[in-house]
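Okay, protein17.tsv is below, TSV, C-alpha atoms:
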```tsv
chain	number	residue	atom	x	y	z
A	20	MET	CA	-34.06	82.12	-21.08
A	21	PHE	CA	-36.71	80.34	-19.00
A	22	THR	CA	-39.60	82.65	-20.04
A	23	SER	CA	-38.63	82.71	-23.71
A	24	ALA	CA	-38.48	78.90	-23.76
A	25	LEU	CA	-42.00	78.75	-22.29
A	26	LEU	CA	-43.41	81.07	-24.90
A	27	THR	CA	-41.88	79.39	-27.94
A	28	THR	CA	-43.97	76.24	-27.66
A	29	ASN	CA	-47.40	77.55	-28.79
A	30	VAL	CA	-48.56	76.92	-25.22
A	31	SER	CA	-49.71	79.89	-23.15
A	32	LEU	CA	-48.03	80.86	-19.90
A	33	ASN	CA	-51.30	80.13	-18.03
A	34	VAL	CA	-51.29	76.55	-19.30
A	35	TRP	CA	-47.68	76.21	-18.18
A	36	LEU	CA	-48.51	77.50	-14.71
A	37	ILE	CA	-51.54	75.19	-14.37
A	38	THR	CA	-49.43	72.21	-15.47
A	39	ILE	CA	-46.67	72.98	-12.98
A	40	VAL	CA	-49.19	73.49	-10.14
A	41	VAL	CA	-50.91	70.16	-10.94
A	42	ILE	CA	-47.60	68.26	-11.00
A	43	GLY	CA	-46.50	69.94	-7.77
A	44	GLY	CA	-49.87	69.07	-6.21
A	45	LEU	CA	-49.49	65.40	-7.17
A	46	LEU	CA	-46.05	65.25	-5.57
A	47	ALA	CA	-47.33	66.98	-2.41
A	48	PHE	CA	-50.27	64.56	-2.24
A	49	ASP	CA	-47.89	61.63	-2.62
A	50	PHE	CA	-45.77	62.86	0.27
A	51	PHE	CA	-48.46	63.82	2.79
A	52	PHE	CA	-50.79	60.88	2.18
A	53	HIS	CA	-48.36	58.04	1.42
A	54	VAL	CA	-44.75	58.79	2.32
A	55	ARG	CA	-44.86	61.01	5.41
A	56	LYS	CA	-45.69	58.06	7.66
A	57	ALA	CA	-43.02	55.40	7.15
A	58	HIS	CA	-44.46	52.08	5.97
A	59	GLU	CA	-43.96	49.42	3.34
A	60	PRO	CA	-46.79	49.62	0.78
A	61	THR	CA	-48.75	46.48	0.05
A	62	LEU	CA	-48.80	44.99	-3.43
A	63	ARG	CA	-52.45	46.07	-3.77
A	64	GLU	CA	-51.64	49.68	-2.80
A	65	ALA	CA	-48.71	49.81	-5.21
A	66	ALA	CA	-50.78	48.32	-8.06
A	67	ILE	CA	-53.71	50.74	-7.57
A	68	TRP	CA	-51.59	53.88	-7.45
A	69	SER	CA	-49.33	52.76	-10.30
A	70	GLY	CA	-52.46	52.31	-12.39
A	71	ILE	CA	-53.79	55.73	-11.34
A	72	TYR	CA	-50.58	57.55	-12.35
A	73	VAL	CA	-50.30	55.70	-15.67
A	74	GLY	CA	-54.00	56.50	-16.27
A	75	LEU	CA	-53.41	60.20	-15.58
A	76	ALA	CA	-50.50	60.20	-18.04
A	77	ILE	CA	-52.63	58.56	-20.73
A	78	VAL	CA	-55.58	60.93	-20.13
A	79	PHE	CA	-53.23	63.91	-20.38
A	80	GLY	CA	-51.78	62.54	-23.63
A	81	ILE	CA	-55.24	62.02	-25.12
A	82	GLY	CA	-56.22	65.57	-24.12
A	83	LEU	CA	-53.04	66.89	-25.72
A	84	TRP	CA	-53.83	64.88	-28.86
A	85	VAL	CA	-57.36	66.33	-29.05
A	86	VAL	CA	-56.39	69.94	-28.32
A	87	GLY	CA	-52.96	70.10	-29.96
A	88	GLY	CA	-53.45	67.72	-32.85
A	89	HIS	CA	-52.07	64.33	-33.87
A	90	GLY	CA	-48.49	65.58	-34.06
A	91	MET	CA	-48.37	66.71	-30.44
A	92	GLY	CA	-50.17	63.57	-29.28
A	93	VAL	CA	-47.79	61.17	-31.02
A	94	ASP	CA	-44.74	63.13	-29.85
A	95	TYR	CA	-45.99	63.09	-26.26
A	96	PHE	CA	-46.58	59.33	-26.19
A	97	GLN	CA	-43.19	58.70	-27.82
A	98	GLY	CA	-41.53	60.83	-25.17
A	99	TYR	CA	-43.54	59.34	-22.31
A	100	ILE	CA	-42.82	55.71	-23.24
A	101	LEU	CA	-39.13	56.45	-23.80
A	102	GLU	CA	-38.72	58.34	-20.51
A	103	LYS	CA	-40.72	55.69	-18.62
A	104	ALA	CA	-38.36	52.99	-19.87
A	105	LEU	CA	-35.32	55.07	-18.90
A	106	SER	CA	-36.88	55.73	-15.48
A	107	VAL	CA	-37.37	52.01	-14.87
A	108	ASP	CA	-33.70	51.57	-15.76
A	109	ASN	CA	-32.92	54.17	-13.07
A	110	LEU	CA	-34.63	51.96	-10.52
A	111	PHE	CA	-31.89	49.34	-10.92
A	112	VAL	CA	-29.34	51.85	-9.64
A	113	PHE	CA	-31.66	52.99	-6.85
A	114	VAL	CA	-31.91	49.36	-5.69
A	115	VAL	CA	-28.11	49.05	-5.58
A	116	ILE	CA	-27.74	52.30	-3.63
A	117	MET	CA	-30.43	51.45	-1.08
A	118	SER	CA	-28.97	47.97	-0.67
A	119	SER	CA	-25.49	49.40	-0.09
A	120	PHE	CA	-26.84	51.69	2.62
A	121	ALA	CA	-29.15	48.98	4.01
A	122	VAL	CA	-32.10	51.40	3.95
A	123	PRO	CA	-34.95	49.99	6.09
A	124	ARG	CA	-37.79	48.79	3.84
A	125	ALA	CA	-40.35	51.11	5.49
A	126	ASP	CA	-38.16	54.16	4.79
A	127	GLN	CA	-37.42	53.35	1.15
A	128	GLN	CA	-40.53	55.26	0.02
A	129	LYS	CA	-39.10	58.55	1.26
A	130	VAL	CA	-35.79	57.90	-0.50
A	131	LEU	CA	-37.57	57.06	-3.74
A	132	LEU	CA	-39.80	60.13	-3.60
A	133	PHE	CA	-36.77	62.33	-3.01
A	134	GLY	CA	-35.08	60.71	-5.99
A	135	ILE	CA	-38.14	61.41	-8.15
A	136	VAL	CA	-38.43	65.06	-7.06
A	137	PHE	CA	-34.71	65.67	-7.50
A	138	ALA	CA	-34.79	63.95	-10.90
A	139	LEU	CA	-37.67	66.20	-11.95
A	140	PHE	CA	-35.77	69.36	-10.97
A	141	ALA	CA	-32.54	68.12	-12.56
A	142	ARG	CA	-34.26	67.19	-15.81
A	143	ALA	CA	-36.27	70.43	-15.89
A	144	GLY	CA	-33.01	72.35	-15.70
A	145	PHE	CA	-31.49	70.31	-18.53
A	146	ILE	CA	-34.70	70.63	-20.58
A	147	PHE	CA	-34.53	74.42	-20.68
A	148	LEU	CA	-30.76	74.38	-21.09
A	149	GLY	CA	-31.20	71.99	-24.01
A	150	MET	CA	-33.79	74.28	-25.61
A	151	ALA	CA	-31.45	77.26	-25.27
A	152	ILE	CA	-28.67	75.27	-26.95
A	153	ILE	CA	-30.95	74.12	-29.78
A	154	ASP	CA	-32.21	77.68	-30.37
A	155	ASN	CA	-28.72	79.18	-30.52
A	156	PHE	CA	-26.47	76.51	-31.98
A	157	THR	CA	-27.30	74.73	-35.23
A	158	TRP	CA	-24.86	71.92	-34.45
A	159	ALA	CA	-26.74	70.85	-31.29
A	160	PHE	CA	-28.55	67.91	-32.92
A	161	TYR	CA	-25.26	66.51	-34.22
A	162	VAL	CA	-23.87	66.62	-30.67
A	163	PHE	CA	-27.04	65.20	-29.09
A	164	GLY	CA	-27.05	62.38	-31.63
A	165	LEU	CA	-23.41	61.55	-30.91
A	166	ILE	CA	-24.07	61.58	-27.13
A	167	LEU	CA	-26.90	59.07	-27.56
A	168	ILE	CA	-24.83	56.75	-29.76
A	169	ILE	CA	-22.01	56.80	-27.19
A	170	THR	CA	-24.54	56.17	-24.40
A	171	ALA	CA	-25.94	53.20	-26.33
A	172	GLY	CA	-22.44	51.77	-26.64
A	173	ARG	CA	-21.84	52.26	-22.92
A	174	LEU	CA	-25.02	50.31	-22.12
A	175	LEU	CA	-23.70	47.38	-24.14
A	176	ALA	CA	-20.34	47.37	-22.33
A	177	PRO	CA	-19.85	44.68	-19.65
A	178	GLU	CA	-20.67	45.78	-16.11
A	179	LYS	CA	-17.72	46.26	-13.77
A	180	GLU	CA	-17.89	44.29	-10.57
A	181	ASP	CA	-16.16	47.05	-8.59
A	182	ASP	CA	-18.73	49.68	-9.52
A	183	ASP	CA	-20.20	51.02	-6.26
A	184	GLU	CA	-22.64	53.81	-6.86
A	185	ALA	CA	-23.06	54.51	-3.14
A	186	ASN	CA	-19.40	55.30	-2.52
A	187	ASN	CA	-19.18	58.04	-5.11
A	188	PHE	CA	-17.11	61.21	-4.90
A	189	VAL	CA	-19.83	63.27	-3.24
A	190	ILE	CA	-20.33	60.71	-0.45
A	191	LYS	CA	-16.60	60.57	0.23
A	192	LEU	CA	-16.47	64.35	0.49
A	193	ALA	CA	-19.49	64.40	2.83
A	194	LYS	CA	-17.93	61.82	5.12
A	195	ARG	CA	-14.60	63.61	5.14
A	196	PHE	CA	-15.68	67.19	5.79
A	197	LEU	CA	-19.04	66.78	7.57
A	198	ARG	CA	-20.04	65.06	10.78
A	199	THR	CA	-21.75	61.81	9.85
A	200	THR	CA	-22.98	58.71	11.63
A	201	ASP	CA	-23.33	55.17	10.32
A	202	HIS	CA	-26.55	54.57	12.23
A	203	TYR	CA	-30.13	55.37	11.20
A	204	ASP	CA	-32.48	57.32	13.46
A	205	GLY	CA	-35.81	56.43	11.89
A	206	ASP	CA	-36.16	58.46	8.70
A	207	LYS	CA	-34.44	61.53	10.12
A	208	LEU	CA	-31.81	63.30	8.01
A	209	PHE	CA	-30.00	64.63	11.08
A	210	THR	CA	-29.58	63.27	14.59
A	211	VAL	CA	-27.61	63.98	17.76
A	212	GLU	CA	-24.69	61.69	18.62
A	213	ASN	CA	-22.40	62.32	21.58
A	214	GLY	CA	-24.00	65.73	21.99
A	215	LYS	CA	-23.24	66.77	18.38
A	216	ARG	CA	-25.59	67.21	15.42
A	217	VAL	CA	-24.61	64.76	12.66
A	218	LEU	CA	-25.81	63.56	9.25
A	219	THR	CA	-27.53	60.19	9.13
A	220	PRO	CA	-27.14	57.57	6.35
A	221	MET	CA	-30.64	58.63	5.21
A	222	LEU	CA	-29.22	61.96	4.04
A	223	LEU	CA	-26.16	60.30	2.52
A	224	VAL	CA	-28.25	57.89	0.46
A	225	MET	CA	-30.31	60.83	-0.82
A	226	ILE	CA	-27.09	62.60	-1.83
A	227	ALA	CA	-25.98	59.46	-3.69
A	228	ILE	CA	-29.31	59.18	-5.51
A	229	GLY	CA	-29.28	62.90	-6.33
A	230	GLY	CA	-25.86	62.51	-7.94
A	231	THR	CA	-27.02	59.61	-10.10
A	232	ASP	CA	-30.14	61.60	-11.09
A	233	ILE	CA	-27.93	64.28	-12.61
A	234	LEU	CA	-26.02	61.68	-14.63
A	235	PHE	CA	-29.27	60.10	-15.85
A	236	ALA	CA	-30.58	63.53	-16.90
A	237	LEU	CA	-27.55	63.96	-19.16
A	238	ASP	CA	-28.69	60.88	-21.11
A	239	SER	CA	-32.48	61.22	-21.00
A	240	ILE	CA	-32.84	64.84	-22.15
A	241	PRO	CA	-30.92	64.45	-25.45
A	242	ALA	CA	-32.99	61.29	-26.01
A	243	ILE	CA	-36.37	62.98	-25.69
A	244	TYR	CA	-35.22	65.96	-27.77
A	245	GLY	CA	-34.62	63.37	-30.46
A	246	VAL	CA	-38.39	62.76	-30.35
A	247	THR	CA	-39.60	66.38	-30.26
A	248	ASP	CA	-38.19	69.88	-29.76
A	249	ASN	CA	-41.43	71.16	-28.21
A	250	VAL	CA	-40.29	72.00	-24.68
A	251	TYR	CA	-43.82	71.67	-23.24
A	252	ILE	CA	-44.11	68.09	-24.51
A	253	VAL	CA	-40.58	67.32	-23.35
A	254	PHE	CA	-41.36	68.62	-19.85
A	255	THR	CA	-44.77	66.98	-19.41
A	256	ALA	CA	-43.68	63.62	-20.86
A	257	THR	CA	-40.68	63.61	-18.51
A	258	ALA	CA	-42.74	64.66	-15.48
A	259	PHE	CA	-45.52	62.11	-16.03
A	260	SER	CA	-42.95	59.35	-16.64
A	261	LEU	CA	-41.55	60.03	-13.15
A	262	MET	CA	-44.99	60.16	-11.51
A	263	GLY	CA	-45.82	56.84	-9.90
A	264	LEU	CA	-42.25	55.56	-10.18
A	265	ARG	CA	-42.17	55.04	-6.40
A	266	GLN	CA	-45.25	52.80	-6.50
A	267	LEU	CA	-43.93	51.01	-9.58
A	268	PHE	CA	-40.75	50.12	-7.66
A	269	PHE	CA	-42.70	48.22	-5.02
A	270	LEU	CA	-44.97	46.67	-7.65
A	271	ILE	CA	-42.21	45.20	-9.85
A	272	ASP	CA	-39.46	44.95	-7.21
A	273	GLY	CA	-39.23	41.22	-7.70
A	274	LEU	CA	-39.27	41.55	-11.49
A	275	LEU	CA	-36.56	44.22	-11.84
A	276	ASP	CA	-33.73	41.70	-11.90
A	277	ARG	CA	-35.65	39.65	-14.47
A	278	LEU	CA	-35.40	42.39	-17.09
A	279	ILE	CA	-31.97	41.22	-18.22
A	280	TYR	CA	-32.45	42.36	-21.82
A	281	LEU	CA	-33.88	45.80	-21.03
A	282	LYS	CA	-30.51	47.52	-21.29
A	283	TYR	CA	-30.04	46.03	-24.77
A	284	GLY	CA	-33.44	47.34	-25.79
A	285	LEU	CA	-32.60	50.79	-24.42
A	286	ALA	CA	-29.27	50.69	-26.23
A	287	ILE	CA	-31.04	49.96	-29.53
A	288	ILE	CA	-33.58	52.74	-28.92
A	289	LEU	CA	-30.99	55.34	-27.89
A	290	GLY	CA	-28.80	54.38	-30.85
A	291	PHE	CA	-31.82	54.66	-33.17
A	292	ILE	CA	-32.73	58.10	-31.82
A	293	GLY	CA	-29.09	59.20	-32.08
A	294	VAL	CA	-29.00	58.22	-35.76
A	295	LYS	CA	-32.43	59.84	-36.24
A	296	LEU	CA	-31.11	63.14	-34.79
A	297	ILE	CA	-28.05	63.15	-37.03
A	298	LEU	CA	-30.14	62.38	-40.13
A	299	GLU	CA	-32.53	65.22	-39.29
A	300	ALA	CA	-29.58	67.56	-38.72
A	301	MET	CA	-28.24	66.60	-42.16
A	302	HIS	CA	-31.71	67.06	-43.71
A	303	THR	CA	-31.81	70.67	-42.44
A	304	ASN	CA	-28.06	71.20	-42.72
A	305	GLN	CA	-26.77	74.76	-42.29
A	306	PHE	CA	-23.04	74.05	-42.00
A	307	SER	CA	-21.10	75.66	-44.82
A	308	TRP	CA	-18.44	72.94	-44.67
A	309	ILE	CA	-21.03	70.18	-45.17
A	310	ASN	CA	-22.49	69.97	-48.69
A	311	GLY	CA	-21.75	73.67	-49.23
A	312	GLY	CA	-24.25	74.67	-46.53
A	313	GLU	CA	-27.14	73.05	-48.41
A	314	PRO	CA	-29.54	70.47	-46.90
A	315	ILE	CA	-28.67	66.85	-47.66
A	316	ASN	CA	-31.40	64.66	-49.13
A	317	VAL	CA	-31.34	61.81	-46.61
A	318	TYR	CA	-34.08	59.58	-45.25
A	319	THR	CA	-35.71	60.76	-42.03
A	320	PHE	CA	-38.05	58.85	-39.73
A	321	ASP	CA	-41.59	60.13	-39.25
A	322	PRO	CA	-43.10	60.23	-35.70
A	323	TYR	CA	-45.30	57.16	-36.27
A	324	THR	CA	-42.31	55.04	-37.36
A	325	SER	CA	-40.31	56.24	-34.35
A	326	LEU	CA	-43.17	55.39	-31.99
A	327	GLY	CA	-43.44	51.92	-33.53
A	328	VAL	CA	-39.70	51.30	-33.11
A	329	ILE	CA	-39.71	52.41	-29.45
A	330	VAL	CA	-42.78	50.37	-28.49
A	331	GLY	CA	-41.73	47.34	-30.54
A	332	VAL	CA	-38.18	47.13	-29.19
A	333	LEU	CA	-39.34	47.58	-25.59
A	334	ALA	CA	-42.06	44.94	-25.95
A	335	ILE	CA	-39.65	42.40	-27.46
A	336	THR	CA	-36.91	42.93	-24.85
A	337	VAL	CA	-39.31	42.88	-21.88
A	338	ILE	CA	-41.12	39.73	-23.06
A	339	ALA	CA	-37.83	38.02	-23.91
A	340	SER	CA	-36.51	38.87	-20.45
A	341	LEU	CA	-39.56	37.53	-18.63
A	342	VAL	CA	-39.61	34.19	-20.49
A	343	SER	CA	-35.83	33.70	-20.45
A	344	PRO	CA	-34.62	30.85	-18.17
A	345	LYS	CA	-31.39	32.80	-17.66
A	346	GLY	CA	-33.43	35.80	-16.57
A	347	LYS	CA	-35.15	33.75	-13.88
A	348	MET	CA	-31.83	32.39	-12.62
A	349	LEU	CA	-30.11	35.78	-12.67
A	350	SER	CA	-33.04	37.33	-10.83
A	351	ALA	CA	-32.73	34.74	-8.06
A	352	VAL	CA	-28.94	35.20	-7.85
A	353	LYS	CA	-29.19	39.00	-7.68
A	354	THR	CA	-31.82	38.76	-4.94
A	355	LEU	CA	-29.42	36.60	-2.94
A	356	HIS	CA	-26.56	39.02	-3.65
A	357	ARG	CA	-28.61	42.03	-2.56
A	358	HIS	CA	-29.54	40.57	0.84
A	359	ALA	CA	-26.04	39.26	1.51
A	360	HIS	CA	-24.56	42.63	0.55
A	361	ALA	CA	-27.01	44.46	2.83
A	362	TYR	CA	-26.17	42.09	5.71
A	363	ASN	CA	-22.44	42.68	5.24
A	364	ASN	CA	-22.84	46.47	5.42
A	365	VAL	CA	-23.19	46.25	9.16
A	366	GLU	CA	-22.29	49.89	9.79
A	367	TYR	CA	-25.59	51.12	8.32
A	368	HIS	CA	-27.91	48.93	10.41
A	369	GLY	CA	-29.74	50.88	13.08
A	370	GLU	CA	-30.95	47.76	14.88
A	371	ALA	CA	-29.79	44.16	14.98
A	372	ALA	CA	-33.27	43.06	13.87
A	373	ASP	CA	-32.86	44.88	10.53
A	374	ARG	CA	-29.62	43.03	9.85
A	375	GLU	CA	-31.07	39.69	10.91
A	376	HIS	CA	-33.99	40.28	8.54
A	377	HIS	CA	-31.56	40.43	5.60
A	378	TYR	CA	-29.88	37.19	6.71
A	379	GLU	CA	-33.22	35.41	6.82
A	380	LYS	CA	-34.05	36.74	3.35
A	381	MET	CA	-30.62	35.59	2.16
A	382	GLU	CA	-31.28	32.05	3.40
A	383	ALA	CA	-34.69	32.04	1.72
A	384	ALA	CA	-33.07	33.19	-1.54
A	385	GLU	CA	-30.51	30.36	-1.28
A	386	THR	CA	-33.33	27.86	-0.90
A	387	ALA	CA	-35.04	29.28	-4.00
A	388	LEU	CA	-31.89	28.58	-6.04
A	389	MET	CA	-32.18	24.85	-5.46
A	390	LYS	CA	-34.76	24.47	-8.25
A	391	PHE	CA	-32.22	25.60	-10.88
A	392	ASP	CA	-29.27	23.84	-12.48
A	393	GLU	CA	-26.50	23.80	-9.85
A	394	LYS	CA	-23.62	24.30	-12.31
A	395	LYS	CA	-25.22	27.28	-14.07
A	396	ILE	CA	-26.15	28.89	-10.73
A	397	SER	CA	-22.59	28.43	-9.48
A	398	GLU	CA	-21.22	30.14	-12.61
A	399	LEU	CA	-23.65	33.07	-12.25
A	400	MET	CA	-22.82	33.46	-8.55
A	401	ASP	CA	-19.10	33.62	-9.33
A	402	GLU	CA	-19.63	36.09	-12.18
A	403	THR	CA	-21.71	38.47	-10.06
A	404	GLY	CA	-19.57	38.21	-6.92
A	405	THR	CA	-22.48	36.63	-5.04
A	406	THR	CA	-20.40	33.67	-3.82
A	407	TRP	CA	-18.00	36.01	-2.02
A	408	GLU	CA	-20.83	38.09	-0.50
A	409	VAL	CA	-22.61	35.00	0.82
A	410	GLU	CA	-19.43	33.56	2.32
A	411	GLN	CA	-18.73	36.87	4.06
A	412	ALA	CA	-22.29	37.00	5.42
A	413	ARG	CA	-22.12	33.43	6.73
A	414	ARG	CA	-18.78	34.09	8.43
A	415	ALA	CA	-20.05	37.31	10.00
A	416	HIS	CA	-23.28	35.64	11.15
A	417	LYS	CA	-21.36	32.79	12.78
A	418	GLU	CA	-19.11	35.26	14.60
A	419	SER	CA	-22.19	37.21	15.75
A	420	ILE	CA	-23.79	34.07	17.20
A	421	GLU	CA	-20.57	33.02	18.97
A	422	SER	CA	-20.11	36.47	20.51
A	423	ASN	CA	-23.65	36.37	21.93
A	424	ASP	CA	-23.21	32.91	23.51
```

Is it possible to express this structure as structure tokens?
Amino acid sequence: MFTSALLTTNVSLNVWLITIVVIGGLLAFDFFFHVRKAHEPTLREAAIWSGIYVGLAIVFGIGLWVVGGHGMGVDYFQGYILEKALSVDNLFVFVVIMSSFAVPRADQQKVLLFGIVFALFARAGFIFLGMAIIDNFTWAFYVFGLILIITAGRLLAPEKEDDDEANNFVIKLAKRFLRTTDHYDGDKLFTVENGKRVLTPMLLVMIAIGGTDILFALDSIPAIYGVTDNVYIVFTATAFSLMGLRQLFFLIDGLLDRLIYLKYGLAIILGFIGVKLILEAMHTNQFSWINGGEPINVYTFDPYTSLGVIVGVLAITVIASLVSPKGKMLSAVKTLHRHAHAYNNVEYHGEAADREHHYEKMEAAETALMKFDEKKISELMDETGTTWEVEQARRAHKESIESND
């Protein structure tokens, strides 16, 4: 299945091998030169390398446009922009997971790189599985379209306060059947405690992120197949969208919570692509029980229109988020919530200094809220559960001070 999928894209096996080697080389370079030694990247470092990876993706797309023609070029940039937007959405969940496990800031790079590598493998598997389904089942586009429409609806549904991505089923199984510890030992995945080899929270957080990567792949692959069925474009657009995601996290960390309308933009885009897939399936209909097995003369969207819709919707939602007063307030509240939540998860702190750092950040975030309307901030804090988290953190901090006196 794998080889046949490679050879049905008008791209030679040698080109495939070179592409895979280059992508693997970029990941290896990222690990050995940036991630291997634990540190928190500066804003300048994150900005430079984010620009480099975006530049590489654009250069590749231009090369594909020149060599493969306008069709391949437009399809690639559609796929790249779509997958990049979905990848940024993934970062929101990564932030929640790392906050729940109180991952030290210097070690977050390793967690993020693991998440990127695992996401690449997971999506590659779904890419070739998706191609096999498309090649063998004529109803696949109907199903993919329906999946995307359902996903769009799920994005519009209110968030549940009790959602805790870190305490998923896999983590519970790991804690029940494997020896684990609640304390970090640097960035080690295993350590020795009471003479026994145990799993550290670093490995558990990677398991949690790996599980969410699989769920994200189930949404992103049908979406990009709604743009193109060329498996080479699907693979490269997905891979390049993940490249530099680690640096982008540290570059826009403070802006992530500001993008309050991004999920609505993604919902519109996924719904649009879902409808687009169903219309194209109807246009090339082969079902005998639909229109007697004859194609249905329906309107279909050309690649340039699709690209315009994707770029336009993303631009509007991002700009609207950044200028929105509510976005600024919600960003400040979520920052406060994140630090209070990390402080309250005392079992995952390797050293008292790490925990105290989150309390100091929490106090700074509280001070930052003073410039906003008190009533509106109070409502947002209650809605997001921040009030409860802060009260718990204050109580725990007071008890910690009293016990040390």

Residue nearest A:Ile135 - candidates A:Val317, A:Leu349, A:Leu222, A:Met262, atoms counted: all atoms listed in the file: A:Met262

In terms of the shortest atom-to-atom distance over only C-alpha atoms, which of A:Val330, A:Leu298, A:Met221, A:Ile287 is closest to A:Asp206?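 Residue with the minimum atom-to-atom distance to A:Asp206: A:Met221.
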
Nearby residues (only C-alpha atoms) at most 12 Å from A:Gly346, same-chain spacing under 5 positions excluded, as JSON, numbers by chain: {"A": [273, 274, 275, 276, 277, 278, 279, 280, 281, 336, 337, 338, 339, 340, 341, 351, 352, 353, 391, 396, 399]}

Which residues come within 10 Å of stretch 108-116 of chain A, counting only C-alpha atoms, excluding same-chain residues fewer than 3 positions away, as an MDAnalysis selection string? chainID A and resid 102:105 119:122 127 130:131 134 183:186 224:225 227:228 231:232 235 264:265 267:268 272 275:276 278 281:282 285 357 360:361

Give me, as an MDAnalysis selection string, all polymer residues having an atom no more than 12 Å from stretch 88-90 of chain A, counting all atoms listed in the file and skipping those fewer than 4 positions away in the same chain. chainID A and resid 80:84 94:97 246:249 252 321:323 326

Could you write out the selected residues, including C-alpha atoms, as a PDB file, in the frame of the given file?
```
ATOM      1  CA  GLY A  80     -51.780  62.540 -23.630  1.00  0.00           C
ATOM      2  CA  ILE A  81     -55.240  62.020 -25.120  1.00  0.00           C
ATOM      3  CA  GLY A  82     -56.220  65.570 -24.120  1.00  0.00           C
ATOM      4  CA  LEU A  83     -53.040  66.890 -25.720  1.00  0.00           C
ATOM      5  CA  TRP A  84     -53.830  64.880 -28.860  1.00  0.00           C
ATOM      6  CA  ASP A  94     -44.740  63.130 -29.850  1.00  0.00           C
ATOM      7  CA  TYR A  95     -45.990  63.090 -26.260  1.00  0.00           C
ATOM      8  CA  PHE A  96     -46.580  59.330 -26.190  1.00  0.00           C
ATOM      9  CA  GLN A  97     -43.190  58.700 -27.820  1.00  0.00           C
ATOM     10  CA  VAL A 246     -38.390  62.760 -30.350  1.00  0.00           C
ATOM     11  CA  THR A 247     -39.600  66.380 -30.260  1.00  0.00           C
ATOM     12  CA  ASP A 248     -38.190  69.880 -29.760  1.00  0.00           C
ATOM     13  CA  ASN A 249     -41.430  71.160 -28.210  1.00  0.00           C
ATOM     14  CA  ILE A 252     -44.110  68.090 -24.510  1.00  0.00           C
ATOM     15  CA  ASP A 321     -41.590  60.130 -39.250  1.00  0.00           C
ATOM     16  CA  PRO A 322     -43.100  60.230 -35.700  1.00  0.00           C
ATOM     17  CA  TYR A 323     -45.300  57.160 -36.270  1.00  0.00           C
ATOM     18  CA  LEU A 326     -43.170  55.390 -31.990  1.00  0.00           C
TER      19      LEU A 326
END
```

Of the residues A:Ala138, A:Ala300, A:Ile39, A:Val253, which is the one nearest to A:Ile226, using only C-alpha atoms?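 Counting only C-alpha atoms, the residue closest to A:Ile226 is A:Ala138.
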
Test item: residues at most 9 Å from A:Glu299, all atoms listed in the file, excluding those fewer than 4 positions along its chain, as a PDB file with C-alpha atoms, keeping the file's coordinate frame:
```pdb
ATOM      1  CA  PHE A 160     -28.550  67.910 -32.920  1.00  0.00           C
ATOM      2  CA  TYR A 161     -25.260  66.510 -34.220  1.00  0.00           C
ATOM      3  CA  VAL A 294     -29.000  58.220 -35.760  1.00  0.00           C
ATOM      4  CA  LYS A 295     -32.430  59.840 -36.240  1.00  0.00           C
ATOM      5  CA  THR A 303     -31.810  70.670 -42.440  1.00  0.00           C
ATOM      6  CA  ASN A 304     -28.060  71.200 -42.720  1.00  0.00           C
ATOM      7  CA  VAL A 317     -31.340  61.810 -46.610  1.00  0.00           C
ATOM      8  CA  TYR A 318     -34.080  59.580 -45.250  1.00  0.00           C
ATOM      9  CA  THR A 319     -35.710  60.760 -42.030  1.00  0.00           C
ATOM     10  CA  PHE A 320     -38.050  58.850 -39.730  1.00  0.00           C
TER      11      PHE A 320
END
```

Enter the distance from atom CA of A:Leu223 to atom CA of A:Met381, in Å, rounded to one decimal. 25.1 Å

Pick out the closest residue to A:Leu62 from this set: A:Leu289, A:Leu270, A:Ala412, A:Leu237. Count only C-alpha atoms. A:Leu270

Please list as a list of chain:residue names every residue within 8 Å of A:Gly293, counting all atoms listed in the file and excluding residues in the same chain fewer than 3 positions away.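 Result of the neighbour search: A:Phe163, A:Gly164, A:Leu165, A:Ile166, A:Leu167, A:Ile168, A:Ala242, A:Gly245, A:Leu289, A:Gly290, A:Leu296, A:Ile297.
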
Among listed residues A:Gly87, A:Gly98, A:Gly70, A:Gly327, nearest A:Ser239 (using all atoms listed in the file):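 Going through A:Gly87, A:Gly98, A:Gly70, A:Gly327 one by one, the smallest distance to A:Ser239 is for A:Gly98.
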
Using only C-alpha atoms, the best pick from A:Thr354, A:Glu313, A:Leu197, A:Ala387 as closest to A:Thr403 would be A:Thr354

Could you check how far atom CA of A:Ala286 sits from atom CA of A:Asp238, in Å to one decimal? 11.4 Å

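In this structure, atom CA of A:Ile152 sits 21.8 Å away from atom CA of A:Met91.
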